[in-house]
Amino acid sequence: MTGVRDLDDRPAFDDPPAAVLAEAAGAFGLLASSARLHIVWALAQGESDVTGLAERVGGALPAVSQHLTKLKLAGLVRSRREGRRQVYFVDDPDIVAVVRLLVGRLAERADQAPAGRLRGTGG
């Protein structure tokens with residue numbers, strides 16, 4: 001953090017390195033898919049196998065499996081073998097916190113807003 005203050009008299013922060021911004025953009029890009037965000041939301045509540053996830057998010061098994069592969073490759077989701085099944089989980093508490101905060105706040109706004117209107121969605 002620098003000693004500089006911004007216009008609102010809040011402390012200003014140094015810009016992160018380009019590599020950090022690129023990694024964050026990649027993570028947000030993956031979470032920009034509502035299907036993948038739903039999967040991460042579900043896994044933030046507790047671990048599951050692909051069948052349980054497909055049932056919970058209402059997706060076809062092959063599609064959920066493909067989303068999980070992308071999330072694993074990006075390091076947002078991990079898995080372990082339990083007998084013959086793969087169990088998936090989010091091992092990063094920061095990812096869990098961000099997803100829970102954003103989705104939770106939007107859900108609260110949706111409950112308080114007139115039917116079908118969320119700020120910033122144009123609806």
# chains A, B, ... in the order shown; residues from 1 in each chain; ligands from 1
>>> residues_around(residues="Phe89 of chain A", least_positions_apart="4", cutoff="10 Å", atoms="only C-alpha atoms", output="list in words")
Ile39, Val40, Ala42, Leu43, Ala44, Gln45, Gly46, Glu47, Ser48, Asp49, Lys72, Leu76, Val77, Arg78, Ser79 and Arg80 of chain A
>>> select_by_dssp(residues="segment 25-87 of chain A", states="strand (DSSP E or B)", output="MDAnalysis selection string")
chainID A and resid 48:49 78:82 85:87
>>> residues_around(residues="segment 21-25 of chain A", least_positions_apart="3", cutoff="12 Å", atoms="only C-alpha atoms", output="MDAnalysis selection string")
chainID A and resid 15:18 28:32 74:76 94:95 98
>>> select_by_dssp(residues="segment 42-106 of chain A", states="alpha helix (DSSP H)", output="PyMOL selection string")
chain A and resi 42-45+50-57+61-73+93-106
>>> closest_residue(among="A:Ala19, A:Val87, A:Val57, A:Ala107", to="Ser34 of chain A", atoms="only C-alpha atoms")
A:Val57
>>> atom_distance(atom1="atom CA of Ala35 of chain A", atom2="atom CA of Val64 of chain A")
8.1 Å
>>> decode(residues="segment 6-86 of chain A", atoms="C-alpha atoms", output="CSV table (one decimal), in the first residue's frame")
chain,number,residue,atom,x,y,z
A,6,ASP,CA,-7.4,8.8,-3.8
A,7,LEU,CA,-10.1,11.4,-4.4
A,8,ASP,CA,-12.4,10.0,-1.7
A,9,ASP,CA,-9.5,10.3,0.8
A,10,ARG,CA,-9.2,6.5,1.0
A,11,PRO,CA,-5.8,4.9,0.9
A,12,ALA,CA,-4.7,4.1,-2.6
A,13,PHE,CA,-3.2,0.7,-3.4
A,14,ASP,CA,-0.5,-0.2,-5.8
A,15,ASP,CA,-1.6,-1.9,-9.0
A,16,PRO,CA,-0.9,-5.6,-9.0
A,17,PRO,CA,1.5,-7.1,-11.5
A,18,ALA,CA,0.1,-7.9,-15.0
A,19,ALA,CA,0.4,-11.6,-14.4
A,20,VAL,CA,-1.8,-11.4,-11.3
A,21,LEU,CA,-4.4,-9.4,-13.2
A,22,ALA,CA,-4.3,-12.0,-16.0
A,23,GLU,CA,-4.8,-14.8,-13.5
A,24,ALA,CA,-7.7,-13.1,-11.9
A,25,ALA,CA,-9.3,-12.3,-15.2
A,26,GLY,CA,-9.0,-16.0,-16.2
A,27,ALA,CA,-10.7,-17.0,-13.0
A,28,PHE,CA,-13.5,-14.5,-13.4
A,29,GLY,CA,-13.8,-15.5,-17.0
A,30,LEU,CA,-14.5,-19.1,-16.0
A,31,LEU,CA,-17.0,-18.0,-13.4
A,32,ALA,CA,-18.7,-15.9,-16.0
A,33,SER,CA,-20.5,-19.0,-17.1
A,34,SER,CA,-23.7,-19.4,-15.0
A,35,ALA,CA,-23.3,-23.2,-15.2
A,36,ARG,CA,-19.8,-23.1,-13.9
A,37,LEU,CA,-20.7,-20.5,-11.3
A,38,HIS,CA,-23.5,-22.7,-10.1
A,39,ILE,CA,-21.1,-25.7,-9.8
A,40,VAL,CA,-18.6,-23.6,-7.8
A,41,TRP,CA,-21.5,-22.3,-5.6
A,42,ALA,CA,-22.6,-25.9,-5.0
A,43,LEU,CA,-19.1,-27.0,-4.2
A,44,ALA,CA,-18.6,-24.0,-1.8
A,45,GLN,CA,-21.4,-25.5,0.2
A,46,GLY,CA,-19.8,-29.0,0.3
A,47,GLU,CA,-18.0,-31.6,-1.8
A,48,SER,CA,-19.9,-33.7,-4.3
A,49,ASP,CA,-19.4,-36.2,-7.1
A,50,VAL,CA,-20.3,-35.4,-10.7
A,51,THR,CA,-23.7,-37.2,-10.5
A,52,GLY,CA,-24.7,-35.2,-7.4
A,53,LEU,CA,-23.6,-32.0,-9.0
A,54,ALA,CA,-25.5,-32.7,-12.2
A,55,GLU,CA,-28.7,-33.3,-10.2
A,56,ARG,CA,-28.2,-30.2,-8.1
A,57,VAL,CA,-27.4,-27.8,-11.0
A,58,GLY,CA,-29.8,-29.4,-13.4
A,59,GLY,CA,-27.2,-30.1,-16.0
A,60,ALA,CA,-26.4,-33.1,-18.2
A,61,LEU,CA,-23.7,-35.4,-16.8
A,62,PRO,CA,-21.3,-34.9,-19.7
A,63,ALA,CA,-21.7,-31.1,-19.6
A,64,VAL,CA,-21.1,-30.9,-15.9
A,65,SER,CA,-18.1,-33.2,-16.3
A,66,GLN,CA,-16.7,-30.8,-19.0
A,67,HIS,CA,-17.2,-27.8,-16.7
A,68,LEU,CA,-15.5,-29.5,-13.9
A,69,THR,CA,-12.5,-30.3,-16.1
A,70,LYS,CA,-12.2,-26.6,-17.0
A,71,LEU,CA,-12.5,-25.6,-13.4
A,72,LYS,CA,-9.9,-28.2,-12.4
A,73,LEU,CA,-7.4,-27.1,-15.1
A,74,ALA,CA,-7.8,-23.5,-13.8
A,75,GLY,CA,-7.1,-24.6,-10.2
A,76,LEU,CA,-10.5,-23.4,-9.0
A,77,VAL,CA,-11.7,-26.9,-8.2
A,78,ARG,CA,-9.9,-30.0,-7.0
A,79,SER,CA,-10.9,-33.7,-6.7
A,80,ARG,CA,-9.9,-36.9,-4.9
A,81,ARG,CA,-10.8,-40.5,-5.5
A,82,GLU,CA,-13.2,-42.2,-3.1
A,83,GLY,CA,-13.4,-45.8,-4.2
A,84,ARG,CA,-14.7,-45.7,-7.8
A,85,ARG,CA,-16.0,-42.1,-7.7
A,86,GLN,CA,-14.3,-38.7,-8.0
